[in-house]
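Participant: What follows is a structure written as structure tokens; I'll ask about it next.
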Amino acid sequence: MGMTKENAANGCDNNSGVDMIPDLYAASLSMYTKPPLVASGRHITVTRRKLLKNLEVNSTQRITSWVDSMRASSPTHPKSTHSLTEDNSSSWMLHHPSALDTFEQIIDASQGKQIVMFLDYDGTLSPIVDDPDRAFMSNKMRATVKKLARRFPTAIVSGRCRDKVYSFVRLGELYYAGSHGMDIKGPAKGSKYKKGDQAVLFQPASEFLPMIDEVNKKLIEKTKSTPGAKVENNKFCVSVHYRCVDEKEWTELAQQVRSVIKEYPKLRLTQGRKVLEIRPTIKWDKGKALEFLLESLGFANCTNVFPVYIGDDRTDEDAFKILRARGQGFGILVSKFPKDTNASYSLQEPEEVMNFLQRLVEWKRLNL
Ligand SMILES: [Mg+2]
């Protein structure tokens, strides 16, 4: 509790928000890419001097910072920078209260506005599992999302390729934004929110497809010798999962990945939960995807729209930031641990996400 109506209404708790540029990402792009670039919505100009400075850093040091960054993105690790004390944890909860506990305030804030739902997949609708191919959502969750889509325009926004995330969700009435929003497709069937006859299809990085394919093959070959490493081709982005890689091997894995991507200045490295991701250096992320989808739904310059974005990952922060900047709706971070975030509310796990979605559906049903 402790959230005022105004706070909930503008999705802002007066935190200016934390700019999170993963060290790993900064290191890789300052080494290999040309300015100007955008990281998490912020322009980074890599000057020649900076480039030289980075080149002087010996490779051992740089790999160390990669691995540190890999550790920092694994919140369950005991040495994690996110393992805060109990005091900090309760103060974090004050700033990011449970969306279930504050459900009434959220509903109040959305009065008279069209709620639009954006849902990340892994760790939000499905539990995080060791094998990314087995990240299934429960039938109960699927039924809930189906009901949700009947009441509100709903989009799945995932780092995975669109086909893959569709194969997990299997609901034709949703919008899907795969590969961190670089592959967007509107509802195939049965959505009253579908605009016109033409299906929305948007792929801002299609020219990168052959390059991504090539990098995918090289990464599979290179990381073969690291037990547990799993390379996944997400069409517009290649993911190297290290959830099942022994921590002693992380340095080796980071070196392998770097040896491949250094040949590709047009690709950059980002990271999520126990995953390194290689994607095109275009100004596109989950936040841009959110804005594109709002526009496709006809809410481009609307003041009466209330977007709610639920996600658990660092890459979801781009969307949380957009919502803060627009002063519309808000983000909900799915996390059991306090984390730096631009989200306004929190939910602990997919089970709680489901309860929240069920309450939204039920509220809408009673208030039609
Ligand atoms: Mg996720």
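We name chains A, B, ... following the order of the structure tokens; residues begin at 1 in each chain, and ligands are numbered from 1 as shown.
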Given only C-alpha atoms and all ligand atoms, how would the per-residue table for chain A near ligand 1 read, listing every residue at most 6 Å away with its closest atom pair and distance in Å to one decimal, sorted by chain and number, as a tab-separated table?
Facilitator:
```
residue	atom	partner	partner_atom_place_in_ligand_line	distance
A:Asp120	CA	ligand 1	1 (Mg)	5.5
A:Tyr121	CA	ligand 1	1 (Mg)	5.5
A:Asp122	CA	ligand 1	1 (Mg)	4.0
A:Gly123	CA	ligand 1	1 (Mg)	4.6
A:Thr124	CA	ligand 1	1 (Mg)	5.7
A:Gly311	CA	ligand 1	1 (Mg)	5.7
A:Asp312	CA	ligand 1	1 (Mg)	4.8
A:Asp313	CA	ligand 1	1 (Mg)	4.8
```
Participant: Only N, CA and C atoms, please: the residues just picked out, written as a compact mmCIF listing (two decimals), in the first residue's frame.
Facilitator:
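Okay, this is what ended up in out.txt:
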```
# COMPACT_ATOMS: atom_id res chain seq x y z
N ASP A 120 5.49 -9.93 -21.27
CA ASP A 120 6.69 -10.67 -21.62
C ASP A 120 6.33 -12.16 -21.48
N TYR A 121 7.12 -13.06 -22.05
CA TYR A 121 6.77 -14.48 -21.93
C TYR A 121 7.58 -15.19 -20.83
N ASP A 122 8.88 -15.39 -21.08
CA ASP A 122 9.69 -16.18 -20.13
C ASP A 122 9.79 -15.50 -18.77
N GLY A 123 9.48 -16.24 -17.74
CA GLY A 123 9.59 -15.68 -16.39
C GLY A 123 8.42 -14.79 -16.00
N THR A 124 7.53 -14.55 -16.97
CA THR A 124 6.34 -13.73 -16.70
C THR A 124 5.09 -14.59 -16.83
N GLY A 311 6.83 -7.61 -17.08
CA GLY A 311 8.02 -8.34 -17.52
C GLY A 311 9.01 -8.53 -16.38
N ASP A 312 9.94 -9.45 -16.59
CA ASP A 312 10.88 -9.79 -15.51
C ASP A 312 12.33 -9.50 -15.88
N ASP A 313 12.56 -9.01 -17.07
CA ASP A 313 13.91 -9.01 -17.60
C ASP A 313 14.47 -7.61 -17.75
```
Participant: Counting only C-alpha atoms, which residues in segment 233-304 of chain A sit no more than 12 Å from segment 220-226 of chain A? For each one, give the nearest pair of atoms and the distance in Å, sorted by chain then residue number, as JSON lines.
Facilitator:
```
{"residue": "A:Asn233", "atom": "CA", "partner": "A:Ile220", "partner_atom": "CA", "distance": 9.8}
{"residue": "A:Val238", "atom": "CA", "partner": "A:Ile220", "partner_atom": "CA", "distance": 10.2}
{"residue": "A:Ser239", "atom": "CA", "partner": "A:Ile220", "partner_atom": "CA", "distance": 10.5}
{"residue": "A:Val240", "atom": "CA", "partner": "A:Thr223", "partner_atom": "CA", "distance": 8.8}
{"residue": "A:His241", "atom": "CA", "partner": "A:Thr223", "partner_atom": "CA", "distance": 10.6}
{"residue": "A:Tyr242", "atom": "CA", "partner": "A:Thr226", "partner_atom": "CA", "distance": 9.4}
{"residue": "A:Cys244", "atom": "CA", "partner": "A:Thr226", "partner_atom": "CA", "distance": 10.1}
{"residue": "A:Val245", "atom": "CA", "partner": "A:Thr226", "partner_atom": "CA", "distance": 7.4}
{"residue": "A:Asp246", "atom": "CA", "partner": "A:Thr226", "partner_atom": "CA", "distance": 9.0}
{"residue": "A:Glu247", "atom": "CA", "partner": "A:Thr226", "partner_atom": "CA", "distance": 11.0}
{"residue": "A:Lys248", "atom": "CA", "partner": "A:Thr226", "partner_atom": "CA", "distance": 10.5}
{"residue": "A:Glu249", "atom": "CA", "partner": "A:Thr226", "partner_atom": "CA", "distance": 7.0}
{"residue": "A:Trp250", "atom": "CA", "partner": "A:Thr226", "partner_atom": "CA", "distance": 8.8}
{"residue": "A:Thr251", "atom": "CA", "partner": "A:Thr226", "partner_atom": "CA", "distance": 10.4}
{"residue": "A:Glu252", "atom": "CA", "partner": "A:Thr226", "partner_atom": "CA", "distance": 7.7}
{"residue": "A:Leu253", "atom": "CA", "partner": "A:Thr226", "partner_atom": "CA", "distance": 6.6}
{"residue": "A:Ala254", "atom": "CA", "partner": "A:Thr223", "partner_atom": "CA", "distance": 9.5}
{"residue": "A:Gln255", "atom": "CA", "partner": "A:Thr223", "partner_atom": "CA", "distance": 9.6}
{"residue": "A:Gln256", "atom": "CA", "partner": "A:Lys222", "partner_atom": "CA", "distance": 6.0}
{"residue": "A:Val257", "atom": "CA", "partner": "A:Thr223", "partner_atom": "CA", "distance": 7.5}
{"residue": "A:Arg258", "atom": "CA", "partner": "A:Lys222", "partner_atom": "CA", "distance": 10.2}
{"residue": "A:Ser259", "atom": "CA", "partner": "A:Lys222", "partner_atom": "CA", "distance": 8.6}
{"residue": "A:Val260", "atom": "CA", "partner": "A:Lys222", "partner_atom": "CA", "distance": 7.8}
{"residue": "A:Ile261", "atom": "CA", "partner": "A:Lys222", "partner_atom": "CA", "distance": 11.1}
```
Participant: Could you list, as a list of chain:residue names, every residue within 7 Å of Leu357 of chain A, counting only C-alpha atoms and ignoring same-chain residues fewer than 4 positions away?
Facilitator: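 Within the cut-off, the hits are A:Thr144, A:Leu148, A:Val353, A:Val361.
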Participant: When DSSP is applied to the backbone of this structure, which of segment 65-310 of chain A are assigned helix (DSSP H, G or I)? Write them out as a ChimeraX atom specification.
Facilitator: /A:65-72,86-95,103-110,132-134,139-151,162-169,179-181,206-223,247-261,286-296
Participant: Which value, in Å to one decimal, gives the distance between atom CA of Asp133 of chain A and atom CA of Gly178 of chain A?
Facilitator: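 Those two atoms sit 15.5 Å apart.
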Participant: Using only C-alpha atoms, which of the listed residues (A:Asn88, A:Thr64, A:Ser73, A:Gln114) sits closest to Arg243 of chain A?
Facilitator: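 Selected residue with least distance to Arg243 of chain A: A:Ser73.
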Participant: I need the residue nearest Lys336 of chain A from this list: A:Trp66, A:Ile282, A:Ser98, A:Ala155. Use only C-alpha atoms for the distance.
Facilitator: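 The answer is A:Ser98, which sits nearest to Lys336 of chain A.
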Participant: Just the strand (DSSP E) stuff from segment 330-361 of chain A, please, per backbone DSSP, written as a list of chain:residue names.
Facilitator: A:Phe330, A:Gly331, A:Ile332, A:Leu333, A:Val334, A:Tyr345, A:Ser346, A:Leu347
